[in-house]
Structures are given as structure tokens and as C-alpha cells.
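Listing of protein14.cif; format and content: mmCIF, C-alpha atoms.
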```cif
data_data
#
loop_
_atom_site.group_PDB
_atom_site.id
_atom_site.type_symbol
_atom_site.label_atom_id
_atom_site.label_comp_id
_atom_site.auth_asym_id
_atom_site.auth_seq_id
_atom_site.Cartn_x
_atom_site.Cartn_y
_atom_site.Cartn_z
ATOM 1 C CA MET A 19 -41.588 1.285 37.453
ATOM 2 C CA THR A 20 -37.910 1.584 36.438
ATOM 3 C CA HIS A 21 -34.799 0.738 38.383
ATOM 4 C CA ARG A 22 -34.134 4.413 39.155
ATOM 5 C CA ASP A 23 -37.593 4.831 40.599
ATOM 6 C CA ALA A 24 -37.093 1.826 42.838
ATOM 7 C CA THR A 25 -33.777 2.989 44.299
ATOM 8 C CA GLY A 26 -35.343 5.935 46.021
ATOM 9 C CA SER A 27 -32.406 8.284 46.592
ATOM 10 C CA PRO A 28 -30.518 10.077 43.818
ATOM 11 C CA GLY A 29 -26.834 9.253 43.708
ATOM 12 C CA THR A 30 -27.238 5.533 44.039
ATOM 13 C CA GLY A 31 -27.486 2.851 41.421
ATOM 14 C CA GLN A 32 -26.342 3.574 37.882
ATOM 15 C CA ASP A 33 -25.608 7.291 38.494
ATOM 16 C CA ARG A 34 -23.381 6.434 41.409
ATOM 17 C CA THR A 35 -21.532 3.758 39.420
ATOM 18 C CA GLU A 36 -20.960 6.149 36.523
ATOM 19 C CA ARG A 37 -19.710 8.888 38.855
ATOM 20 C CA GLU A 38 -17.311 6.557 40.689
ATOM 21 C CA LEU A 39 -16.014 5.119 37.442
ATOM 22 C CA ARG A 40 -15.494 8.611 36.008
ATOM 23 C CA GLU A 41 -13.575 9.681 39.140
ATOM 24 C CA ALA A 42 -11.398 6.559 39.042
ATOM 25 C CA LEU A 43 -10.562 7.054 35.364
ATOM 26 C CA GLU A 44 -9.803 10.750 35.885
ATOM 27 C CA ALA A 45 -7.443 9.874 38.738
ATOM 28 C CA LEU A 46 -5.749 7.247 36.610
ATOM 29 C CA ALA A 47 -5.451 9.573 33.602
ATOM 30 C CA GLY A 48 -4.132 12.369 35.804
ATOM 31 C CA GLY A 49 -1.193 10.215 36.848
ATOM 32 C CA VAL A 50 -0.100 9.414 33.301
ATOM 33 C CA ARG A 51 2.724 11.592 31.970
ATOM 34 C CA PRO A 52 4.039 11.141 28.417
ATOM 35 C CA ALA A 53 7.746 10.740 27.839
ATOM 36 C CA PRO A 54 9.401 14.040 26.887
ATOM 37 C CA ASP A 55 10.555 12.747 23.519
ATOM 38 C CA ALA A 56 7.504 10.583 22.717
ATOM 39 C CA TYR A 57 6.509 12.625 19.659
ATOM 40 C CA ARG A 58 10.033 12.650 18.250
ATOM 41 C CA THR A 59 10.357 8.892 18.763
ATOM 42 C CA ALA A 60 6.984 8.142 17.145
ATOM 43 C CA ARG A 61 7.737 10.461 14.217
ATOM 44 C CA GLY A 62 11.164 8.878 13.662
ATOM 45 C CA GLU A 63 9.635 5.415 13.664
ATOM 46 C CA TRP A 64 6.963 6.524 11.201
ATOM 47 C CA LEU A 65 9.580 8.054 8.877
ATOM 48 C CA ARG A 66 11.663 4.868 8.989
ATOM 49 C CA ARG A 67 8.619 2.796 8.028
ATOM 50 C CA GLU A 68 7.786 5.231 5.227
ATOM 51 C CA ARG A 69 11.355 5.054 3.833
ATOM 52 C CA ARG A 70 11.257 1.262 4.022
ATOM 53 C CA ARG A 71 7.923 1.193 2.162
ATOM 54 C CA ARG A 72 9.300 3.449 -0.578
ATOM 55 C CA LEU A 73 12.472 1.391 -0.889
ATOM 56 C CA VAL A 74 10.488 -1.847 -1.195
ATOM 57 C CA LEU A 75 8.267 -0.232 -3.831
ATOM 58 C CA ALA A 76 11.286 1.010 -5.818
ATOM 59 C CA VAL A 77 12.907 -2.443 -5.720
ATOM 60 C CA LEU A 78 9.637 -4.075 -6.778
ATOM 61 C CA VAL A 79 9.269 -1.672 -9.734
ATOM 62 C CA ALA A 80 12.879 -2.315 -10.788
ATOM 63 C CA VAL A 81 12.398 -6.091 -10.615
ATOM 64 C CA VAL A 82 9.168 -5.968 -12.639
ATOM 65 C CA PHE A 83 10.795 -3.698 -15.248
ATOM 66 C CA ALA A 84 13.872 -5.940 -15.543
ATOM 67 C CA LEU A 85 11.693 -9.045 -15.786
ATOM 68 C CA ALA A 86 9.527 -7.490 -18.514
ATOM 69 C CA THR A 87 12.650 -6.451 -20.431
ATOM 70 C CA LEU A 88 14.156 -9.937 -20.197
ATOM 71 C CA ILE A 89 10.921 -11.583 -21.312
ATOM 72 C CA GLY A 90 10.663 -9.159 -24.240
ATOM 73 C CA LEU A 91 14.234 -9.864 -25.329
ATOM 74 C CA TRP A 92 13.666 -13.594 -25.033
ATOM 75 C CA VAL A 93 10.505 -13.374 -27.164
ATOM 76 C CA LEU A 94 12.327 -11.324 -29.797
ATOM 77 C CA ASN A 95 15.165 -13.850 -29.809
ATOM 78 C CA GLN A 96 12.676 -16.647 -30.525
ATOM 79 C CA ALA A 97 11.640 -15.054 -33.851
ATOM 80 C CA PRO A 98 12.593 -17.154 -36.906
ATOM 81 C CA ALA A 99 15.786 -16.144 -38.706
ATOM 82 C CA HIS A 100 14.472 -16.882 -42.237
ATOM 83 C CA PRO A 101 12.492 -14.252 -44.153
ATOM 84 C CA GLY A 102 8.829 -14.046 -43.372
ATOM 85 C CA VAL A 103 5.823 -14.421 -45.656
ATOM 86 C CA ILE A 104 5.880 -10.829 -46.890
ATOM 87 C CA PHE A 105 9.121 -11.010 -48.851
ATOM 88 C CA SER A 106 10.500 -13.800 -50.980
ATOM 89 C CA GLY A 107 13.554 -14.062 -53.148
ATOM 90 C CA ALA A 108 17.245 -14.850 -53.010
ATOM 91 C CA ASP A 109 18.362 -11.316 -52.128
ATOM 92 C CA GLY A 110 16.503 -11.297 -48.828
ATOM 93 C CA GLY A 111 13.280 -10.029 -50.264
ATOM 94 C CA ALA A 112 14.253 -6.415 -50.846
ATOM 95 C CA SER A 113 13.061 -6.248 -54.460
ATOM 96 C CA HIS A 114 10.077 -8.635 -54.814
ATOM 97 C CA ALA A 115 6.895 -8.594 -52.805
ATOM 98 C CA SER A 116 4.912 -11.808 -52.494
ATOM 99 C CA LEU A 117 1.612 -9.914 -52.514
ATOM 100 C CA PRO A 118 0.343 -8.935 -55.992
ATOM 101 C CA ARG A 119 0.265 -5.260 -56.882
ATOM 102 C CA PRO A 120 -2.875 -3.912 -58.487
ATOM 103 C CA HIS A 121 -2.453 -2.800 -62.148
ATOM 104 C CA PRO A 122 -4.101 0.445 -63.222
#
```
Could you render the structure from this file as C-alpha cells?
Amino acid sequence: MTHRDATGSPGTGQDRTERELREALEALAGGVRPAPDAYRTARGEWLRRERRRRLVLAVLVAVVFALATLIGLWVLNQAPAHPGVIFSGADGGASHASLPRPHP
């Protein structure tokens, strides 16, 4: 035997509680009126947040790009000033290669 069977009359128990709760919530919801400019206010706030997000992203991209450029220039500046292993000679290595050329 279930709880509904034991109550005897319809409209009592869980059905009655659900009905009363539904009526109370409908009465409460019926009294709520949105502000006339609620949509415009919410949309303006959303657009401000979106602009802020885009601005932060643009600044972050600029900082990363500038940092990568500075690191690249610093690495290039650390290269040795003397000629490398490919060329050797007094004239800066323009005429003699250190690697042997094959003879035909």
C-alpha cells in the first residue's frame, strides 16, 4: 500500500503540496516586473566586458611579440664577431673555403 492509497481523499498529501507550491510560485512570479531598460543595461555590460577582453588579449599579444623580438635580438647579439668555421683567411673568408672541393 502506498502513501497515496493511505490518504484516502484526492487532493491531500503530495498532490496538495505540489498544487499549493505551484500557486504560491505563480503568485510570486506574477508580481515580478522587469525594469524597463533591463535588456539595454545587460547588453551594455556584456559589450563592456567583451571590449575589455579584446583589449587585454591585444595587449597580451603585443607583449609576447615584443618579448620574442627582444629575445631574438639579444640572441643574435650574442653571436661571436670572429669568422665562423666555414670561412678562413685574412680577407674575412670571401675567397677560401675551409671545406675541400672535390676534383673531377
**Item:** Length of the CA of Arg66 (chain A) to CA of Val50 (chain A) vector [Å]
**Value:**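 So the two atoms, CA of Arg66 (chain A) and CA of Val50 (chain A), lie 27.4 Å apart.
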**Request:** To one decimal in Å, tell me the separation between CA of Leu88 (chain A) and CA of Arg71 (chain A).
**Result:**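 CA of Arg71 (chain A) lies 25.7 Å from CA of Leu88 (chain A).
For the pair CA of Leu46 (chain A) and CA of Ala60 (chain A), the interatomic distance is 23.3 Å.
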Please, could all heavy atoms be added to region 50-61 of chain A and the result written as a PDB file, keeping the file's coordinate frame?
```
ATOM      1  N   VAL A  50      -0.865   9.829  34.482  1.00  0.00           N
ATOM      2  CA  VAL A  50      -0.100   9.414  33.301  1.00  0.00           C
ATOM      3  C   VAL A  50       0.619  10.631  32.721  1.00  0.00           C
ATOM      4  O   VAL A  50       0.013  11.654  32.430  1.00  0.00           O
ATOM      5  CB  VAL A  50      -1.032   8.788  32.237  1.00  0.00           C
ATOM      6  CG1 VAL A  50      -0.271   8.500  30.963  1.00  0.00           C
ATOM      7  CG2 VAL A  50      -1.675   7.540  32.774  1.00  0.00           C
ATOM      8  N   ARG A  51       1.924  10.523  32.577  1.00  0.00           N
ATOM      9  CA  ARG A  51       2.724  11.592  31.970  1.00  0.00           C
ATOM     10  C   ARG A  51       3.457  11.016  30.762  1.00  0.00           C
ATOM     11  O   ARG A  51       4.147   9.998  30.886  1.00  0.00           O
ATOM     12  CB  ARG A  51       3.742  12.144  32.960  1.00  0.00           C
ATOM     13  CG  ARG A  51       3.128  12.739  34.193  1.00  0.00           C
ATOM     14  CD  ARG A  51       2.505  14.094  33.866  1.00  0.00           C
ATOM     15  NE  ARG A  51       1.898  14.649  35.075  1.00  0.00           N
ATOM     16  CZ  ARG A  51       0.607  14.930  35.175  1.00  0.00           C
ATOM     17  NH1 ARG A  51      -0.206  14.678  34.184  1.00  0.00           N
ATOM     18  NH2 ARG A  51       0.136  15.460  36.277  1.00  0.00           N
ATOM     19  N   PRO A  52       3.332  11.656  29.601  1.00  0.00           N
ATOM     20  CA  PRO A  52       4.039  11.141  28.417  1.00  0.00           C
ATOM     21  C   PRO A  52       5.542  11.385  28.539  1.00  0.00           C
ATOM     22  O   PRO A  52       5.976  12.303  29.236  1.00  0.00           O
ATOM     23  CB  PRO A  52       3.443  11.951  27.264  1.00  0.00           C
ATOM     24  CG  PRO A  52       2.976  13.217  27.901  1.00  0.00           C
ATOM     25  CD  PRO A  52       2.568  12.857  29.288  1.00  0.00           C
ATOM     26  N   ALA A  53       6.297  10.553  27.872  1.00  0.00           N
ATOM     27  CA  ALA A  53       7.746  10.740  27.839  1.00  0.00           C
ATOM     28  C   ALA A  53       8.054  12.054  27.112  1.00  0.00           C
ATOM     29  O   ALA A  53       7.335  12.434  26.188  1.00  0.00           O
ATOM     30  CB  ALA A  53       8.399   9.566  27.125  1.00  0.00           C
ATOM     31  N   PRO A  54       9.109  12.741  27.506  1.00  0.00           N
ATOM     32  CA  PRO A  54       9.401  14.040  26.887  1.00  0.00           C
ATOM     33  C   PRO A  54       9.674  13.955  25.383  1.00  0.00           C
ATOM     34  O   PRO A  54       9.385  14.882  24.650  1.00  0.00           O
ATOM     35  CB  PRO A  54      10.644  14.530  27.625  1.00  0.00           C
ATOM     36  CG  PRO A  54      10.862  13.619  28.764  1.00  0.00           C
ATOM     37  CD  PRO A  54      10.014  12.410  28.566  1.00  0.00           C
ATOM     38  N   ASP A  55      10.224  12.869  24.942  1.00  0.00           N
ATOM     39  CA  ASP A  55      10.555  12.747  23.519  1.00  0.00           C
ATOM     40  C   ASP A  55       9.638  11.755  22.811  1.00  0.00           C
ATOM     41  O   ASP A  55      10.012  11.166  21.801  1.00  0.00           O
ATOM     42  CB  ASP A  55      12.013  12.335  23.347  1.00  0.00           C
ATOM     43  CG  ASP A  55      12.311  10.986  23.957  1.00  0.00           C
ATOM     44  OD1 ASP A  55      11.504  10.535  24.794  1.00  0.00           O
ATOM     45  OD2 ASP A  55      13.340  10.386  23.596  1.00  0.00           O
ATOM     46  N   ALA A  56       8.418  11.570  23.304  1.00  0.00           N
ATOM     47  CA  ALA A  56       7.504  10.583  22.717  1.00  0.00           C
ATOM     48  C   ALA A  56       7.139  10.947  21.282  1.00  0.00           C
ATOM     49  O   ALA A  56       7.103  10.082  20.407  1.00  0.00           O
ATOM     50  CB  ALA A  56       6.246  10.459  23.565  1.00  0.00           C
ATOM     51  N   TYR A  57       6.881  12.219  21.022  1.00  0.00           N
ATOM     52  CA  TYR A  57       6.509  12.625  19.659  1.00  0.00           C
ATOM     53  C   TYR A  57       7.669  12.405  18.700  1.00  0.00           C
ATOM     54  O   TYR A  57       7.494  11.886  17.598  1.00  0.00           O
ATOM     55  CB  TYR A  57       6.091  14.099  19.636  1.00  0.00           C
ATOM     56  CG  TYR A  57       5.811  14.598  18.248  1.00  0.00           C
ATOM     57  CD1 TYR A  57       4.640  14.251  17.587  1.00  0.00           C
ATOM     58  CD2 TYR A  57       6.735  15.391  17.568  1.00  0.00           C
ATOM     59  CE1 TYR A  57       4.390  14.682  16.305  1.00  0.00           C
ATOM     60  CE2 TYR A  57       6.488  15.831  16.289  1.00  0.00           C
ATOM     61  CZ  TYR A  57       5.319  15.489  15.661  1.00  0.00           C
ATOM     62  OH  TYR A  57       5.081  15.916  14.393  1.00  0.00           O
ATOM     63  N   ARG A  58       8.863  12.802  19.125  1.00  0.00           N
ATOM     64  CA  ARG A  58      10.033  12.650  18.250  1.00  0.00           C
ATOM     65  C   ARG A  58      10.296  11.174  17.958  1.00  0.00           C
ATOM     66  O   ARG A  58      10.607  10.797  16.823  1.00  0.00           O
ATOM     67  CB  ARG A  58      11.236  13.283  18.928  1.00  0.00           C
ATOM     68  CG  ARG A  58      12.440  13.386  18.044  1.00  0.00           C
ATOM     69  CD  ARG A  58      13.564  14.091  18.737  1.00  0.00           C
ATOM     70  NE  ARG A  58      13.170  14.420  20.104  1.00  0.00           N
ATOM     71  CZ  ARG A  58      13.889  15.134  20.930  1.00  0.00           C
ATOM     72  NH1 ARG A  58      15.036  15.600  20.558  1.00  0.00           N
ATOM     73  NH2 ARG A  58      13.482  15.370  22.161  1.00  0.00           N
ATOM     74  N   THR A  59      10.149  10.328  18.956  1.00  0.00           N
ATOM     75  CA  THR A  59      10.357   8.892  18.763  1.00  0.00           C
ATOM     76  C   THR A  59       9.313   8.308  17.811  1.00  0.00           C
ATOM     77  O   THR A  59       9.653   7.552  16.894  1.00  0.00           O
ATOM     78  CB  THR A  59      10.283   8.163  20.122  1.00  0.00           C
ATOM     79  OG1 THR A  59      11.252   8.729  20.993  1.00  0.00           O
ATOM     80  CG2 THR A  59      10.534   6.684  19.952  1.00  0.00           C
ATOM     81  N   ALA A  60       8.051   8.661  18.018  1.00  0.00           N
ATOM     82  CA  ALA A  60       6.984   8.142  17.145  1.00  0.00           C
ATOM     83  C   ALA A  60       7.164   8.636  15.719  1.00  0.00           C
ATOM     84  O   ALA A  60       6.970   7.883  14.759  1.00  0.00           O
ATOM     85  CB  ALA A  60       5.628   8.563  17.685  1.00  0.00           C
ATOM     86  N   ARG A  61       7.535   9.906  15.560  1.00  0.00           N
ATOM     87  CA  ARG A  61       7.737  10.461  14.217  1.00  0.00           C
ATOM     88  C   ARG A  61       8.920   9.788  13.520  1.00  0.00           C
ATOM     89  O   ARG A  61       8.865   9.464  12.335  1.00  0.00           O
ATOM     90  CB  ARG A  61       7.972  11.960  14.295  1.00  0.00           C
ATOM     91  CG  ARG A  61       8.054  12.613  12.941  1.00  0.00           C
ATOM     92  CD  ARG A  61       8.104  14.139  13.088  1.00  0.00           C
ATOM     93  NE  ARG A  61       8.070  14.779  11.801  1.00  0.00           N
ATOM     94  CZ  ARG A  61       9.159  15.073  11.098  1.00  0.00           C
ATOM     95  NH1 ARG A  61      10.352  14.800  11.576  1.00  0.00           N
ATOM     96  NH2 ARG A  61       9.046  15.651   9.915  1.00  0.00           N
TER      97      ARG A  61
END
```
